[in-house]
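Visitor: Structure file input_17.cif, mmCIF, C-alpha atoms, is pasted below:
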data_upload
loop_
_atom_site.label_atom_id
_atom_site.label_comp_id
_atom_site.auth_asym_id
_atom_site.auth_seq_id
_atom_site.Cartn_x
_atom_site.Cartn_y
_atom_site.Cartn_z
CA MET A 1 -17.27 -46.01 -188.50
CA LEU A 2 -19.17 -47.09 -185.40
CA THR A 3 -17.35 -44.46 -183.38
CA GLU A 4 -18.76 -41.00 -183.92
CA PRO A 5 -16.11 -38.75 -185.50
CA ARG A 6 -15.08 -35.73 -183.44
CA SER A 7 -15.78 -33.54 -186.45
CA GLY A 8 -19.35 -34.83 -186.39
CA ARG A 9 -19.82 -33.84 -182.75
CA LEU A 10 -18.30 -30.40 -183.35
CA ALA A 11 -20.44 -29.73 -186.41
CA ALA A 12 -23.69 -31.14 -185.01
CA TRP A 13 -23.58 -29.39 -181.63
CA GLY A 14 -22.00 -26.27 -183.09
CA ASN A 15 -24.93 -26.08 -185.50
CA ALA A 16 -27.38 -26.60 -182.64
CA LEU A 17 -25.78 -23.68 -180.83
CA LEU A 18 -25.70 -21.44 -183.92
CA GLY A 19 -29.36 -22.27 -184.53
CA GLY A 20 -30.34 -21.35 -180.97
CA PHE A 21 -31.34 -24.89 -179.95
CA VAL A 22 -28.84 -25.37 -177.10
CA ALA A 23 -26.86 -23.24 -174.64
CA PRO A 24 -23.11 -22.67 -175.22
CA ASP A 25 -21.97 -24.69 -172.21
CA ASP A 26 -24.23 -27.62 -173.16
CA ALA A 27 -22.87 -27.60 -176.72
CA ALA A 28 -19.27 -27.55 -175.49
CA LEU A 29 -19.93 -30.41 -173.07
CA ALA A 30 -21.49 -32.55 -175.80
CA ILE A 31 -18.60 -31.86 -178.20
CA VAL A 32 -15.98 -32.89 -175.65
CA GLY A 33 -17.85 -36.12 -174.93
CA GLU A 34 -15.54 -38.67 -173.32
CA ASP A 35 -12.39 -36.69 -174.11
CA THR A 36 -10.52 -34.78 -171.41
CA SER A 37 -10.54 -31.39 -173.13
CA HIS A 38 -10.96 -29.58 -176.44
CA ARG A 39 -9.30 -26.28 -177.33
CA VAL A 40 -9.07 -24.21 -180.50
CA ALA A 41 -5.85 -22.69 -181.86
CA GLY A 42 -5.44 -20.12 -184.63
CA LEU A 43 -8.87 -18.54 -184.25
CA PRO A 44 -8.95 -15.01 -185.76
CA GLY A 45 -8.69 -12.38 -183.04
CA GLU A 46 -7.18 -14.72 -180.46
CA ALA A 47 -3.49 -14.72 -179.57
CA GLY A 48 -3.45 -18.33 -178.36
CA PRO A 49 -5.62 -21.42 -177.89
CA VAL A 50 -9.05 -20.86 -176.38
CA GLY A 51 -11.82 -23.03 -174.97
CA LEU A 52 -14.74 -24.31 -176.99
CA THR A 53 -17.36 -22.01 -175.49
CA LEU A 54 -15.39 -18.90 -176.39
CA ALA A 55 -14.49 -20.30 -179.81
CA LEU A 56 -18.08 -21.09 -180.74
CA GLY A 57 -19.16 -17.62 -179.68
CA ARG A 58 -16.41 -16.08 -181.78
CA LEU A 59 -17.56 -18.04 -184.83
CA ARG A 60 -20.97 -16.43 -184.62
CA ALA A 61 -19.32 -13.00 -184.47
CA LEU A 62 -17.25 -13.89 -187.55
CA GLY A 63 -20.42 -14.55 -189.53
CA VAL A 64 -20.45 -18.33 -189.42
CA GLY A 65 -23.96 -19.62 -190.04
CA GLY A 66 -23.26 -23.34 -189.94
CA LEU A 67 -20.65 -26.08 -189.86
CA ARG A 68 -20.03 -28.88 -192.35
CA VAL A 69 -18.17 -32.15 -191.91
CA ALA A 70 -15.48 -33.61 -194.18
CA LEU A 71 -14.39 -37.25 -193.94
CA PRO A 72 -11.70 -37.58 -196.62
CA ALA A 73 -9.80 -40.73 -197.52
CA PRO A 74 -6.93 -41.31 -199.97
CA GLY A 75 -8.25 -40.56 -203.45
CA HIS A 76 -11.56 -39.28 -202.08
CA PRO A 77 -11.55 -35.66 -200.75
CA LEU A 78 -15.07 -36.06 -199.36
CA GLY A 79 -16.42 -32.73 -198.07
CA LEU A 80 -13.29 -30.68 -198.81
CA SER A 81 -12.99 -27.59 -200.99
CA GLY A 82 -9.29 -26.65 -200.65
CA PRO A 83 -6.79 -25.16 -200.54
CA PRO A 84 -4.27 -28.03 -200.81
CA GLU A 85 -2.70 -27.21 -197.43
CA PHE A 86 -6.00 -27.62 -195.60
CA ASN A 87 -6.91 -30.71 -197.59
CA ALA A 88 -3.59 -32.35 -196.69
CA ARG A 89 -4.09 -31.70 -192.96
CA ALA A 90 -7.66 -32.98 -193.14
CA LEU A 91 -6.62 -36.11 -195.03
CA GLU A 92 -3.97 -36.86 -192.43
CA ALA A 93 -6.55 -36.52 -189.64
CA GLU A 94 -9.21 -38.29 -191.76
CA GLU A 95 -11.72 -35.60 -190.78
CA ALA A 96 -12.32 -31.86 -190.63
CA VAL A 97 -15.00 -29.22 -190.10
CA VAL A 98 -15.61 -26.44 -192.64
CA CYS A 99 -17.45 -23.23 -191.80
CA HIS A 100 -20.39 -21.95 -193.82
CA GLY A 101 -20.34 -18.15 -193.96
CA ALA A 102 -16.61 -17.67 -193.29
CA ALA A 103 -13.53 -19.04 -195.06
CA LEU A 104 -12.36 -21.09 -192.07
CA GLY A 105 -11.96 -24.75 -191.28
CA PHE A 106 -10.90 -26.89 -188.32
CA VAL A 107 -8.71 -30.00 -188.19
CA PRO A 108 -8.33 -31.96 -184.93
CA GLU A 109 -5.00 -32.97 -183.44
CA VAL A 110 -5.44 -35.65 -180.79
CA HIS A 111 -2.99 -36.33 -177.96
CA GLU A 112 -3.46 -39.33 -175.68
CA VAL A 113 -2.35 -38.85 -172.07
CA GLY A 114 -2.31 -41.01 -168.97
CA PRO A 115 -1.01 -44.46 -168.00
CA GLU A 116 -1.93 -47.64 -169.81
CA GLY A 117 -5.46 -48.62 -168.98
CA ASP A 118 -6.43 -45.04 -168.11
CA VAL A 119 -5.68 -43.15 -171.32
CA HIS A 120 -7.57 -39.94 -172.09
CA ALA A 121 -7.65 -37.81 -175.22
CA GLN A 122 -6.89 -34.11 -175.39
CA VAL A 123 -7.95 -32.44 -178.64
CA MET A 124 -6.57 -29.28 -180.22
CA TRP A 125 -8.61 -27.96 -183.14
CA HIS A 126 -6.43 -26.02 -185.59
CA CYS A 127 -8.30 -23.19 -187.31
CA LEU A 128 -7.05 -22.72 -190.89
CA PRO A 129 -8.15 -20.81 -194.00
CA VAL A 130 -10.28 -22.70 -196.53
CA ARG A 131 -11.50 -22.02 -200.03
CA GLU A 132 -15.13 -20.92 -200.26
CA ALA A 133 -16.47 -23.45 -202.73
CA PRO A 134 -18.98 -26.32 -202.76
CA PRO A 135 -17.70 -29.35 -200.77
CA ALA A 136 -16.46 -32.26 -202.84
CA ASP A 137 -18.72 -35.24 -203.56
CA VAL A 138 -21.33 -34.65 -200.83
CA PRO A 139 -24.78 -35.98 -201.80
CA SER A 140 -28.14 -34.70 -200.64
CA LEU A 141 -29.89 -36.63 -197.88
CA GLY A 142 -32.24 -38.23 -200.38
CA GLU A 143 -29.38 -39.26 -202.66
CA ALA A 144 -27.40 -40.63 -199.72
CA GLU A 145 -30.32 -42.73 -198.52
CA ARG A 146 -30.91 -44.21 -201.99
CA GLU A 147 -27.20 -44.86 -202.58
CA LEU A 148 -26.87 -46.62 -199.23
CA ALA A 149 -29.79 -48.93 -199.98
CA GLU A 150 -28.45 -49.71 -203.45
CA ALA A 151 -24.93 -50.40 -202.19
CA LEU A 152 -26.25 -52.78 -199.54
CA ARG A 153 -28.35 -54.64 -202.07
CA ASP A 154 -25.51 -54.95 -204.58
CA ALA A 155 -22.96 -56.11 -201.98
CA THR A 156 -25.11 -58.53 -199.97
CA GLU A 157 -24.98 -61.37 -202.50
CA VAL A 158 -21.17 -61.24 -202.82
CA LEU A 159 -20.54 -60.87 -199.09
CA THR A 160 -22.90 -63.72 -198.24
CA ARG A 161 -21.28 -66.02 -200.79
CA LEU A 162 -17.85 -65.25 -199.32
CA ASP A 163 -19.13 -65.74 -195.75
CA VAL A 164 -18.30 -62.21 -194.60
CA ALA A 165 -21.76 -60.67 -194.46
CA GLY A 166 -21.74 -60.33 -190.70
CA SER A 167 -22.25 -63.78 -189.25
CA GLY A 168 -20.40 -65.57 -186.48
CA PRO A 169 -19.50 -64.69 -182.87
CA VAL A 170 -17.23 -61.72 -183.67
CA SER A 171 -19.80 -59.85 -185.72
CA GLU A 172 -22.61 -60.80 -183.32
CA ALA A 173 -20.64 -59.35 -180.41
CA ALA A 174 -19.99 -56.14 -182.36
CA VAL A 175 -23.64 -55.75 -183.28
CA ASP A 176 -24.67 -56.44 -179.66
CA ALA A 177 -22.25 -53.72 -178.51
CA TYR A 178 -23.76 -51.29 -180.99
CA ARG A 179 -27.28 -52.05 -179.80
CA ALA A 180 -26.27 -51.69 -176.14
CA ARG A 181 -24.72 -48.31 -176.87
CA ALA A 182 -27.83 -47.14 -178.70
CA GLU A 183 -30.07 -48.30 -175.86
CA ARG A 184 -28.06 -46.18 -173.39
CA GLY A 185 -29.59 -43.15 -175.08
CA ARG A 186 -26.74 -42.01 -177.32
CA GLU A 187 -28.04 -39.07 -179.33
CA ALA A 188 -27.25 -39.60 -183.02
CA LEU A 189 -27.46 -35.89 -183.82
CA ALA A 190 -27.98 -32.65 -181.95
CA PRO A 191 -31.29 -30.76 -181.60
CA GLY A 192 -32.40 -28.91 -184.72
CA TYR A 193 -31.61 -31.65 -187.22
CA PRO A 194 -34.36 -33.11 -189.43
CA GLY A 195 -35.54 -36.62 -188.63
CA ARG A 196 -34.38 -37.90 -192.01
CA ALA A 197 -30.80 -36.89 -191.18
CA VAL A 198 -30.96 -38.96 -187.99
CA ARG A 199 -32.22 -42.00 -189.93
CA VAL A 200 -29.52 -41.66 -192.59
CA LEU A 201 -26.76 -41.27 -190.02
CA GLU A 202 -27.90 -44.29 -188.01
CA LEU A 203 -28.07 -46.43 -191.15
CA ALA A 204 -24.65 -45.20 -192.33
CA GLN A 205 -23.13 -46.04 -188.93
CA ARG A 206 -24.66 -49.52 -188.96
CA VAL A 207 -23.33 -50.13 -192.46
CA GLY A 208 -19.92 -48.86 -191.38
CA LEU A 209 -20.00 -51.26 -188.44
CA LEU A 210 -20.69 -54.25 -190.68
CA VAL A 211 -17.90 -53.21 -193.06
CA SER A 212 -15.50 -52.92 -190.11
CA VAL A 213 -16.52 -56.35 -188.83
CA ALA A 214 -15.99 -57.83 -192.30
CA TYR A 215 -12.50 -56.33 -192.52
CA GLU A 216 -11.55 -57.36 -188.99
CA SER A 217 -12.73 -60.96 -189.40
CA GLY A 218 -9.92 -61.79 -191.81
CA HIS A 219 -10.79 -63.36 -195.14
CA GLY A 220 -13.92 -65.11 -193.92
CA GLY A 221 -14.80 -67.85 -196.36
CA ALA A 222 -12.69 -66.30 -199.14
CA VAL A 223 -9.93 -68.82 -199.69
CA SER A 224 -8.69 -67.97 -203.18
CA ALA A 225 -7.02 -64.82 -204.44
CA SER A 226 -9.94 -64.14 -206.75
CA GLU A 227 -12.46 -64.52 -203.90
CA MET A 228 -10.43 -62.21 -201.65
CA GLY A 229 -10.31 -59.66 -204.46
CA ALA A 230 -14.06 -59.92 -204.94
CA ARG A 231 -14.57 -59.43 -201.22
CA ALA A 232 -12.48 -56.25 -201.21
CA LEU A 233 -14.27 -54.95 -204.29
CA ALA A 234 -17.62 -55.59 -202.60
CA LEU A 235 -16.65 -53.79 -199.38
CA ARG A 236 -14.90 -50.75 -200.83
CA PRO A 237 -17.89 -49.06 -202.51
CA VAL A 238 -20.11 -49.81 -199.51
CA GLU A 239 -17.62 -48.17 -197.17
CA ARG A 240 -17.34 -45.15 -199.47
CA THR A 241 -21.12 -44.84 -199.74
CA ALA A 242 -21.49 -45.06 -195.94
CA ARG A 243 -18.98 -42.23 -195.48
CA ARG A 244 -20.82 -40.10 -198.05
CA ALA A 245 -24.11 -40.72 -196.26
CA GLN A 246 -22.59 -39.88 -192.89
CA VAL A 247 -21.31 -36.54 -194.21
CA ALA A 248 -24.66 -35.80 -195.83
CA ALA A 249 -26.42 -36.38 -192.51
CA TYR A 250 -24.10 -34.09 -190.53
CA ASN A 251 -24.32 -31.42 -193.24
CA ALA A 252 -28.12 -31.52 -193.45
CA PHE A 253 -28.45 -28.61 -191.02
CA VAL A 254 -26.55 -26.28 -193.36
CA GLU A 255 -28.23 -27.65 -196.47
CA GLU A 256 -31.68 -26.91 -195.01
CA ARG A 257 -30.62 -23.38 -194.13
CA GLU A 258 -29.34 -22.81 -197.65
CA ARG A 259 -32.71 -23.91 -199.06
CA GLY A 260 -34.38 -21.38 -196.75
#
Render the structure in this file as structure tokens.

Guide:
Amino acid sequence: MLTEPRSGRLAAWGNALLGGFVAPDDAALAIVGEDTSHRVAGLPGEAGPVGLTLALGRLRALGVGGLRVALPAPGHPLGLSGPPEFNARALEAEEAVVCHGAALGFVPEVHEVGPEGDVHAQVMWHCLPVREAPPADVPSLGEAERELAEALRDATEVLTRLDVAGSGPVSEAAVDAYRARAERGREALAPGYPGRAVRVLELAQRVGLLVSVAYESGHGGAVSASEMGARALALRPVERTARRAQVAAYNAFVEERERG
């Protein structure tokens, strides 16, 4: 979860554009990021794929007032509202964007191009119909912040006992890489987001990083089957809570607008 999801960039900078905080070309550039290109297929009124700038402008004309993120996982349709066809595509991609104000959603399809060592990503966003209903299992910012703190507290004792709490050269290198990236001025969210959303997203990403390090470091000090099971049980709810908090942060722009 250290890597920012493409759905997060699309939602955050799309919201900044819809809210009048950034220019269309600046929003499109931020959404593309380090990818080669992003295009949108299936947009109402368009015969074929179009560029991001045109697509974002068309969304405003279609009545879209904001964009929400979904980060589903097997057994956890986080941020989705249906129908089953859209949910299945989003689950396969592990992410999606859902419009607020129009029954439309977007699922990314990523193609990697170029020779080994110089691979670039081209992204096609597929616009599909969605069900207009509250997104599944998305907490408020306040709830997400509290849940994240509680999950960390509950898991720390178990992870420390099993020697997978984030110690050693592998985890230290990962944390150093995170800090270096943050110091380069990476913007956690786009203009227009509340400061609390930025704090929640940064904490959720740090927690996701530690969970990833714990998974990638093998079994750590867990040498028995029961200890390995305890380790997995400790990590799973933390990972789930971090994903919920990440979605809550990206969706804060729409939630604030709904509250007026």

Visitor: Near Arg146 (chain A), counting only C-alpha atoms, which residues have an atom at most 12 Å away, once you skip same-chain residues fewer than 2 positions from it, shown as a list of chain:residue names?

Guide: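 So, after excluding close chain neighbours, the residues are A:Pro139, A:Ser140, A:Leu141, A:Gly142, A:Glu143, A:Ala144, A:Leu148, A:Ala149, A:Glu150, A:Ala151, A:Leu152, A:Arg153, A:Val200, A:Leu203, A:Ala204, A:Thr241, A:Ala242, A:Arg244, A:Ala245.
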
Visitor: For each of A:Val138, A:Leu233, A:Ala188, A:Ala248, take the minimum atom-to-atom distance to Arg9 (chain A), counting all atoms listed in the file, then give the residue where this is smallest.

Guide: A:Ala188

Visitor: Quick check on the file I pasted: which residues fall under the PyMOL selection byres ((chain A and resi 81-95) around 10)? Write them as a ChimeraX atom specification.

Guide: /A:5-8,69-80,96-98,104-110,126-137

Visitor: Using all atoms listed in the file for the distances, tell me which of A:Thr36, A:Ser212, A:Gln205, A:Thr53 is nearest to Val247 (chain A).

Guide: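 Residue with the minimum atom-to-atom distance to Val247 (chain A): A:Gln205.
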
Visitor: My list of candidates is A:Ala27, A:Ala234, A:Leu62, A:Leu209. Which is closest to Gly101 (chain A) when distances are computed with only C-alpha atoms?

Guide: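 Nearest candidate to Gly101 (chain A) out of A:Ala27, A:Ala234, A:Leu62, A:Leu209: A:Leu62.
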
Visitor: Can you measure CA of Arg236 (chain A) to CA of Gly195 (chain A) for me? One decimal in Å is fine.

Guide: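 Separation of CA of Arg236 (chain A) and CA of Gly195 (chain A): 27.8 Å.
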
Visitor: In Å, how far is it from CA of His120 (chain A) to CA of Pro49 (chain A)?

Guide: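 CA of Pro49 (chain A) lies at a distance of 19.5 Å from CA of His120 (chain A).
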
Visitor: What is the distance, in Å and to one decimal place, between CA of Arg58 (chain A) and CA of Pro44 (chain A)?

Guide: 8.5 Å

Visitor: Pick from A:Val40, A:Val238, A:Ala12, A:Leu56: nearest to Glu147 (chain A), with all atoms listed in the file counted?

Guide: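 Using all atoms listed in the file, Glu147 (chain A) sits closest to A:Val238.
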
Visitor: Determine, counting all atoms listed in the file, which protein, DNA and RNA residues have an atom within 10 Å of an atom of Glu255 (chain A); residues of the same chain fewer than 3 positions away are not included. Present the result as an mmCIF file with C-alpha atoms, in the frame of the given file.

Guide:
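The resulting file, selection31.cif, is reproduced below:
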data_model
loop_
_atom_site.group_PDB
_atom_site.id
_atom_site.type_symbol
_atom_site.label_atom_id
_atom_site.label_comp_id
_atom_site.auth_asym_id
_atom_site.auth_seq_id
_atom_site.Cartn_x
_atom_site.Cartn_y
_atom_site.Cartn_z
ATOM 1 C CA GLY A 66 -23.260 -23.340 -189.940
ATOM 2 C CA ARG A 68 -20.030 -28.880 -192.350
ATOM 3 C CA SER A 140 -28.140 -34.700 -200.640
ATOM 4 C CA LEU A 141 -29.890 -36.630 -197.880
ATOM 5 C CA ALA A 248 -24.660 -35.800 -195.830
ATOM 6 C CA ALA A 249 -26.420 -36.380 -192.510
ATOM 7 C CA TYR A 250 -24.100 -34.090 -190.530
ATOM 8 C CA ASN A 251 -24.320 -31.420 -193.240
ATOM 9 C CA ALA A 252 -28.120 -31.520 -193.450
ATOM 10 C CA GLU A 258 -29.340 -22.810 -197.650
ATOM 11 C CA ARG A 259 -32.710 -23.910 -199.060
ATOM 12 C CA GLY A 260 -34.380 -21.380 -196.750
#

Visitor: Using all atoms listed in the file, which of the listed residues (A:Leu52, A:Ala230, A:Val198, A:Arg206) sits closest to Ile31 (chain A)?

Guide: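 Checking each candidate against Ile31 (chain A), we get A:Leu52 as the closest.
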
Visitor: Out of A:Arg240, A:Arg60, A:His38, A:Arg231, which residue has the shortest atom-to-atom distance to Cys99 (chain A) when counting only C-alpha atoms?

Guide: A:Arg60

Visitor: Around region 33-40 of chain A, with edges along x, y and z and 4 Å added on all six sides, what centre and edge lengths do you get, in Å to one decimal, as lines of an AutoDock Vina configuration file?

Guide:
center_x = -13.5
center_y = -31.4
center_z = -176.0
size_x = 16.8
size_y = 22.5
size_z = 17.1

Visitor: Which residues, named as in the file, does the PyMOL selection byres ((chain A and resi 191) around 7) pick out? Answer as a PDB file with C-alpha atoms, in the coordinates of the input.

Guide:
ATOM      1  CA  ALA A  16     -27.380 -26.600-182.640  1.00  0.00           C
ATOM      2  CA  PHE A  21     -31.340 -24.890-179.950  1.00  0.00           C
ATOM      3  CA  LEU A 189     -27.460 -35.890-183.820  1.00  0.00           C
ATOM      4  CA  ALA A 190     -27.980 -32.650-181.950  1.00  0.00           C
ATOM      5  CA  GLY A 192     -32.400 -28.910-184.720  1.00  0.00           C
ATOM      6  CA  TYR A 193     -31.610 -31.650-187.220  1.00  0.00           C
TER       7      TYR A 193
END
